[in-house]
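See structure below.
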Amino acid sequence: MNDTPLLALTHGAGGNRDTPGLVSLAESLAERNIRTLRFNLPAAEAGRRRPDRSERAIGCVAAVADWAAREFGAPLFLGGRSFGGRMASLLLADPDTGTRRRVAGLVLLAYPLKPPGKAEVPPERMEHLPRIGVPTLFVSGDRDPFAPPALLNPVVAAARAEVSWITGGDHGFRVPKAILAETGRTAADVRDEVAGAVAAFVATTAACGPTRGG
(Lines give C-alpha, C1' and ligand atoms only; values in the text may rest on other atoms or scores of the structure.)
Protein backbone atom coordinates (compact mmCIF):
# COMPACT_ATOMS: atom_id res chain seq x y z
CA MET A 1 0.00 0.00 0.00
CA ASN A 2 1.04 3.62 -0.63
CA ASP A 3 0.20 6.52 1.67
CA THR A 4 0.48 9.07 -1.16
CA PRO A 5 -3.02 10.47 -1.84
CA LEU A 6 -4.73 9.29 -5.02
CA LEU A 7 -7.36 11.33 -6.89
CA ALA A 8 -9.57 9.25 -9.20
CA LEU A 9 -10.69 11.84 -11.71
CA THR A 10 -13.22 11.72 -14.56
CA HIS A 11 -14.36 14.06 -17.31
CA GLY A 12 -17.29 16.22 -18.34
CA ALA A 13 -20.00 15.56 -20.90
CA GLY A 14 -18.51 15.23 -24.37
CA GLY A 15 -14.98 14.88 -22.99
CA ASN A 16 -12.79 11.97 -21.99
CA ARG A 17 -9.88 11.12 -19.72
CA ASP A 18 -7.49 12.90 -22.09
CA THR A 19 -9.27 16.26 -21.90
CA PRO A 20 -6.32 18.72 -21.83
CA GLY A 21 -7.39 20.34 -18.58
CA LEU A 22 -7.47 16.99 -16.79
CA VAL A 23 -4.10 15.98 -18.21
CA SER A 24 -2.44 19.23 -17.14
CA LEU A 25 -4.05 18.99 -13.70
CA ALA A 26 -2.73 15.45 -13.25
CA GLU A 27 0.76 16.57 -14.25
CA SER A 28 0.67 19.49 -11.81
CA LEU A 29 -0.62 17.29 -8.98
CA ALA A 30 2.16 14.77 -9.61
CA GLU A 31 4.64 17.57 -8.97
CA ARG A 32 2.90 18.08 -5.63
CA ASN A 33 3.14 14.39 -4.66
CA ILE A 34 -0.50 13.55 -5.41
CA ARG A 35 -1.26 10.62 -7.69
CA THR A 36 -4.08 10.87 -10.24
CA LEU A 37 -6.08 8.11 -11.90
CA ARG A 38 -7.94 9.56 -14.90
CA PHE A 39 -10.74 7.38 -16.18
CA ASN A 40 -13.41 7.33 -18.88
CA LEU A 41 -17.11 6.97 -18.27
CA PRO A 42 -18.72 4.22 -20.40
CA ALA A 43 -19.91 6.43 -23.29
CA ALA A 44 -16.49 8.05 -23.67
CA GLU A 45 -14.81 4.64 -23.50
CA ALA A 46 -17.02 3.55 -26.40
CA GLY A 47 -16.16 6.68 -28.39
CA ARG A 48 -19.57 8.34 -28.02
CA ARG A 49 -19.90 12.03 -27.22
CA ARG A 50 -23.44 11.76 -25.85
CA PRO A 51 -23.12 11.33 -22.05
CA ASP A 52 -24.28 8.23 -20.20
CA ARG A 53 -27.51 7.98 -18.28
CA SER A 54 -26.91 8.90 -14.65
CA GLU A 55 -27.32 5.37 -13.31
CA ARG A 56 -24.68 3.96 -15.65
CA ALA A 57 -22.23 6.78 -15.04
CA ILE A 58 -22.64 6.55 -11.26
CA GLY A 59 -22.11 2.80 -11.42
CA CYS A 60 -18.86 3.35 -13.31
CA VAL A 61 -17.59 5.90 -10.78
CA ALA A 62 -18.42 3.47 -7.96
CA ALA A 63 -16.64 0.59 -9.68
CA VAL A 64 -13.50 2.64 -10.30
CA ALA A 65 -13.47 3.96 -6.73
CA ASP A 66 -13.89 0.50 -5.24
CA TRP A 67 -11.15 -0.92 -7.48
CA ALA A 68 -8.78 1.96 -6.69
CA ALA A 69 -9.35 1.54 -2.95
CA ARG A 70 -8.41 -2.12 -3.20
CA GLU A 71 -5.44 -1.64 -5.52
CA PHE A 72 -3.87 1.54 -4.22
CA GLY A 73 -5.06 1.97 -0.64
CA ALA A 74 -6.02 5.11 1.20
CA PRO A 75 -6.30 8.05 1.16
CA LEU A 76 -8.53 7.95 -1.91
CA PHE A 77 -10.25 11.03 -3.33
CA LEU A 78 -12.89 11.18 -6.04
CA GLY A 79 -13.13 14.03 -8.50
CA GLY A 80 -14.74 15.02 -11.74
CA ARG A 81 -15.17 17.87 -14.14
CA SER A 82 -18.73 19.16 -14.68
CA PHE A 83 -20.97 16.15 -15.49
CA GLY A 84 -18.40 13.69 -14.12
CA GLY A 85 -18.19 15.57 -10.84
CA ARG A 86 -21.97 15.67 -10.57
CA MET A 87 -22.09 11.89 -10.97
CA ALA A 88 -19.48 11.45 -8.24
CA SER A 89 -21.45 13.78 -5.96
CA LEU A 90 -24.63 11.75 -6.48
CA LEU A 91 -22.74 8.58 -5.61
CA LEU A 92 -21.33 9.99 -2.38
CA ALA A 93 -24.67 11.49 -1.36
CA ASP A 94 -26.16 7.99 -1.14
CA PRO A 95 -25.83 6.76 2.47
CA ASP A 96 -26.35 3.17 1.38
CA THR A 97 -23.31 2.97 -0.88
CA GLY A 98 -20.22 1.30 0.49
CA THR A 99 -18.06 3.55 -1.66
CA ARG A 100 -18.47 6.47 0.71
CA ARG A 101 -16.60 4.62 3.47
CA ARG A 102 -13.59 4.26 1.16
CA VAL A 103 -13.33 7.89 0.02
CA ALA A 104 -11.57 10.66 1.93
CA GLY A 105 -12.88 13.61 -0.06
CA LEU A 106 -14.54 14.89 -3.24
CA VAL A 107 -13.25 17.44 -5.78
CA LEU A 108 -15.84 19.09 -8.04
CA LEU A 109 -14.30 20.98 -10.96
CA ALA A 110 -16.68 23.43 -12.68
CA TYR A 111 -19.75 21.89 -11.05
CA PRO A 112 -22.76 22.38 -13.40
CA LEU A 113 -25.27 23.85 -10.98
CA LYS A 114 -27.67 24.90 -13.72
CA PRO A 115 -27.88 24.91 -17.52
CA PRO A 116 -26.72 28.25 -19.02
CA GLY A 117 -29.60 30.59 -19.78
CA LYS A 118 -31.81 29.12 -17.06
CA ALA A 119 -32.61 31.37 -14.13
CA GLU A 120 -33.35 28.65 -11.59
CA VAL A 121 -31.30 25.74 -10.32
CA PRO A 122 -32.90 22.34 -11.03
CA PRO A 123 -33.53 20.56 -7.70
CA GLU A 124 -31.65 17.47 -8.86
CA ARG A 125 -28.51 19.57 -9.25
CA MET A 126 -28.38 20.75 -5.62
CA GLU A 127 -30.72 18.94 -3.23
CA HIS A 128 -28.33 16.00 -2.75
CA LEU A 129 -25.24 18.09 -2.05
CA PRO A 130 -25.76 18.51 1.74
CA ARG A 131 -25.96 14.71 1.99
CA ILE A 132 -22.47 14.12 0.63
CA GLY A 133 -20.72 12.17 3.35
CA VAL A 134 -17.15 13.40 2.82
CA PRO A 135 -15.33 16.77 2.76
CA THR A 136 -15.93 18.48 -0.57
CA LEU A 137 -14.13 21.14 -2.61
CA PHE A 138 -15.74 23.07 -5.46
CA VAL A 139 -13.34 24.76 -7.90
CA SER A 140 -15.25 27.18 -10.14
CA GLY A 141 -14.63 30.14 -12.40
CA ASP A 142 -16.47 33.26 -11.31
CA ARG A 143 -17.60 33.79 -14.93
CA ASP A 144 -18.98 30.28 -15.31
CA PRO A 145 -22.60 30.52 -16.57
CA PHE A 146 -23.27 27.04 -15.15
CA ALA A 147 -22.57 28.23 -11.59
CA PRO A 148 -22.59 32.00 -10.95
CA PRO A 149 -21.17 32.89 -7.53
CA ALA A 150 -24.51 34.31 -6.35
CA LEU A 151 -26.10 30.89 -6.85
CA LEU A 152 -23.22 28.59 -5.98
CA ASN A 153 -22.06 30.23 -2.75
CA PRO A 154 -25.28 29.49 -0.81
CA VAL A 155 -25.26 25.92 -2.10
CA VAL A 156 -21.67 25.42 -0.99
CA ALA A 157 -22.48 26.81 2.44
CA ALA A 158 -25.50 24.53 2.82
CA ALA A 159 -23.36 21.55 1.84
CA ARG A 160 -20.70 22.45 4.45
CA ALA A 161 -18.18 22.43 1.63
CA GLU A 162 -15.36 24.68 0.41
CA VAL A 163 -15.12 26.67 -2.80
CA SER A 164 -12.06 28.03 -4.58
CA TRP A 165 -12.97 30.74 -7.06
CA ILE A 166 -10.86 31.20 -10.18
CA THR A 167 -11.03 34.92 -10.94
CA GLY A 168 -12.18 35.53 -14.50
CA GLY A 169 -12.56 31.82 -15.25
CA ASP A 170 -15.36 30.41 -17.39
CA HIS A 171 -16.69 26.83 -17.36
CA GLY A 172 -13.35 25.58 -18.70
CA PHE A 173 -11.33 27.89 -16.39
CA ARG A 174 -10.39 30.00 -19.42
CA VAL A 175 -9.68 33.63 -18.48
CA PRO A 176 -9.88 36.43 -21.10
CA LYS A 177 -6.62 38.14 -21.93
CA ALA A 178 -7.94 41.45 -20.62
CA ILE A 179 -8.62 39.97 -17.18
CA LEU A 180 -5.25 38.18 -17.18
CA ALA A 181 -3.58 41.51 -17.87
CA GLU A 182 -5.58 43.27 -15.16
CA THR A 183 -4.68 40.64 -12.58
CA GLY A 184 -1.08 40.16 -13.68
CA ARG A 185 -1.54 36.47 -14.46
CA THR A 186 -0.94 34.11 -17.36
CA ALA A 187 -2.90 31.08 -18.54
CA ALA A 188 -0.23 28.95 -16.87
CA ASP A 189 -0.83 30.82 -13.61
CA VAL A 190 -4.53 29.98 -13.84
CA ARG A 191 -3.78 26.29 -14.34
CA ASP A 192 -1.49 26.49 -11.33
CA GLU A 193 -4.27 28.10 -9.27
CA VAL A 194 -6.58 25.18 -10.03
CA ALA A 195 -3.91 22.59 -9.20
CA GLY A 196 -2.88 24.47 -6.07
CA ALA A 197 -6.43 24.60 -4.75
CA VAL A 198 -6.94 20.87 -5.36
CA ALA A 199 -3.55 19.96 -3.88
CA ALA A 200 -4.12 22.03 -0.73
CA PHE A 201 -7.53 20.46 -0.18
CA VAL A 202 -6.25 16.91 -0.73
CA ALA A 203 -3.22 17.38 1.51
CA THR A 204 -5.19 18.98 4.35
CA THR A 205 -8.03 16.47 4.18
CA ALA A 206 -5.68 13.48 4.01
CA ALA A 207 -3.74 14.78 7.01
CA CYS A 208 -6.90 15.31 9.08
CA GLY A 209 -8.34 11.86 8.36
CA PRO A 210 -12.08 11.05 8.12
CA THR A 211 -14.38 13.81 9.33
CA ARG A 212 -17.72 12.61 8.00
CA GLY A 213 -19.02 9.33 6.83
CA GLY A 214 -22.01 7.19 6.04
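Here's how to read the names in the C-alpha coordinates: chain A, B, ... by the order shown, residue numbers from 1 in each chain, ligand numbers from 1 in the order shown.
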Contacts of stretch 168-196 of chain A with stretch 30-37 of chain A up to 12 Å, shortest pair per row, only C-alpha atoms, as JSON lines:
```
{"residue": "A:Asp192", "atom": "CA", "partner": "A:Arg32", "partner_atom": "CA", "distance": 11.1}
{"residue": "A:Ala195", "atom": "CA", "partner": "A:Arg32", "partner_atom": "CA", "distance": 8.9}
{"residue": "A:Gly196", "atom": "CA", "partner": "A:Arg32", "partner_atom": "CA", "distance": 8.6}
```
Can you write just those residues out, C-alpha atoms, as an mmCIF file, in the first residue's frame?
```
data_model
loop_
_atom_site.group_PDB
_atom_site.id
_atom_site.type_symbol
_atom_site.label_atom_id
_atom_site.label_comp_id
_atom_site.auth_asym_id
_atom_site.auth_seq_id
_atom_site.Cartn_x
_atom_site.Cartn_y
_atom_site.Cartn_z
ATOM 1 C CA ASP A 192 -1.494 26.487 -11.326
ATOM 2 C CA ALA A 195 -3.914 22.594 -9.200
ATOM 3 C CA GLY A 196 -2.878 24.469 -6.073
#
```
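Neighbouring residues of stretch 163-166 of chain A at 8 Å or closer, counting only C-alpha atoms and skipping chain neighbours under 4 positions away, are Leu137, Phe138, Val139, Ser140, Gly141, Asp142, Asn153, Val156, Phe173, Val190, Glu193, Val194 and Ala197 of chain A.
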### Spatial neighbours of stretch 110-122 of chain A, 8 Å, only C-alpha atoms, chain gap at least 6 places, as a list of chain:residue names
A:Arg81, A:Ser82, A:Phe83, A:Gly85, A:Arg86, A:Phe138, A:Val139, A:Ser140, A:Gly141, A:Asp144, A:Pro145, A:Phe146, A:Ala147, A:Leu152, A:His171, A:Gly172, A:Phe173
Take the residues that were just selected and, keeping N, CA and C atoms, output them as a PDB file, in the first residue's frame.
```
ATOM      1  N   ARG A  81     -14.884  16.583 -13.512  1.00  0.00           N
ATOM      2  CA  ARG A  81     -15.170  17.866 -14.136  1.00  0.00           C
ATOM      3  C   ARG A  81     -16.627  17.886 -14.590  1.00  0.00           C
ATOM      4  N   SER A  82     -17.364  18.918 -14.219  1.00  0.00           N
ATOM      5  CA  SER A  82     -18.729  19.163 -14.685  1.00  0.00           C
ATOM      6  C   SER A  82     -19.611  17.922 -14.495  1.00  0.00           C
ATOM      7  N   PHE A  83     -20.088  17.316 -15.589  1.00  0.00           N
ATOM      8  CA  PHE A  83     -20.973  16.147 -15.492  1.00  0.00           C
ATOM      9  C   PHE A  83     -20.344  15.035 -14.661  1.00  0.00           C
ATOM     10  N   GLY A  85     -18.150  15.222 -12.255  1.00  0.00           N
ATOM     11  CA  GLY A  85     -18.193  15.572 -10.844  1.00  0.00           C
ATOM     12  C   GLY A  85     -19.585  15.430 -10.262  1.00  0.00           C
ATOM     13  N   ARG A  86     -20.599  15.804 -11.058  1.00  0.00           N
ATOM     14  CA  ARG A  86     -21.972  15.666 -10.568  1.00  0.00           C
ATOM     15  C   ARG A  86     -22.313  14.207 -10.307  1.00  0.00           C
ATOM     16  N   PHE A 138     -15.322  22.581  -4.143  1.00  0.00           N
ATOM     17  CA  PHE A 138     -15.738  23.067  -5.455  1.00  0.00           C
ATOM     18  C   PHE A 138     -14.633  23.991  -5.976  1.00  0.00           C
ATOM     19  N   VAL A 139     -14.240  23.816  -7.231  1.00  0.00           N
ATOM     20  CA  VAL A 139     -13.342  24.757  -7.901  1.00  0.00           C
ATOM     21  C   VAL A 139     -14.110  25.295  -9.100  1.00  0.00           C
ATOM     22  N   SER A 140     -14.384  26.594  -9.103  1.00  0.00           N
ATOM     23  CA  SER A 140     -15.251  27.177 -10.137  1.00  0.00           C
ATOM     24  C   SER A 140     -14.714  28.519 -10.598  1.00  0.00           C
ATOM     25  N   GLY A 141     -14.939  28.816 -11.884  1.00  0.00           N
ATOM     26  CA  GLY A 141     -14.633  30.140 -12.396  1.00  0.00           C
ATOM     27  C   GLY A 141     -15.749  31.102 -12.062  1.00  0.00           C
ATOM     28  N   ASP A 144     -18.381  31.507 -14.805  1.00  0.00           N
ATOM     29  CA  ASP A 144     -18.984  30.275 -15.309  1.00  0.00           C
ATOM     30  C   ASP A 144     -20.508  30.414 -15.336  1.00  0.00           C
ATOM     31  N   PRO A 145     -21.140  30.369 -16.519  1.00  0.00           N
ATOM     32  CA  PRO A 145     -22.598  30.519 -16.567  1.00  0.00           C
ATOM     33  C   PRO A 145     -23.331  29.330 -15.966  1.00  0.00           C
ATOM     34  N   PHE A 146     -22.651  28.200 -15.780  1.00  0.00           N
ATOM     35  CA  PHE A 146     -23.269  27.038 -15.153  1.00  0.00           C
ATOM     36  C   PHE A 146     -23.375  27.202 -13.622  1.00  0.00           C
ATOM     37  N   ALA A 147     -22.584  28.109 -13.053  1.00  0.00           N
ATOM     38  CA  ALA A 147     -22.569  28.230 -11.586  1.00  0.00           C
ATOM     39  C   ALA A 147     -22.123  29.626 -11.167  1.00  0.00           C
ATOM     40  N   LEU A 152     -24.011  29.694  -6.516  1.00  0.00           N
ATOM     41  CA  LEU A 152     -23.216  28.588  -5.982  1.00  0.00           C
ATOM     42  C   LEU A 152     -22.821  28.797  -4.527  1.00  0.00           C
ATOM     43  N   HIS A 171     -16.418  28.227 -17.715  1.00  0.00           N
ATOM     44  CA  HIS A 171     -16.692  26.834 -17.357  1.00  0.00           C
ATOM     45  C   HIS A 171     -15.478  25.930 -17.584  1.00  0.00           C
ATOM     46  N   GLY A 172     -14.580  26.341 -18.462  1.00  0.00           N
ATOM     47  CA  GLY A 172     -13.352  25.581 -18.700  1.00  0.00           C
ATOM     48  C   GLY A 172     -12.144  26.204 -18.023  1.00  0.00           C
ATOM     49  N   PHE A 173     -12.379  27.147 -17.099  1.00  0.00           N
ATOM     50  CA  PHE A 173     -11.328  27.889 -16.393  1.00  0.00           C
ATOM     51  C   PHE A 173     -10.502  28.760 -17.341  1.00  0.00           C
TER      52      PHE A 173
END
```
### Task
Compare A:Trp67, A:Val202, A:Ala93, A:Gly98 by their minimum atom-to-atom distance to A:Leu7, counting only C-alpha atoms, and give me the closest one.
A:Val202
#### Entry: DSSP-assigned strand (DSSP E or B) members of stretch 80-149 of chain A, reported as a list in words
Gly80, Arg81, Gly105, Leu106, Val107, Leu108, Leu109, Thr136, Leu137, Phe138, Val139, Ser140 and Gly141 of chain A
#### Entry: DSSP-assigned helix (DSSP H, G or I) among stretch 28-118 of chain A, expressed as JSON, numbers by chain
{"A": [28, 29, 30, 31, 42, 43, 44, 45, 54, 55, 56, 57, 58, 59, 60, 61, 62, 63, 64, 65, 66, 67, 68, 69, 70, 71, 72, 83, 84, 85, 86, 87, 88, 89, 90, 91, 92, 99, 100, 101, 102]}
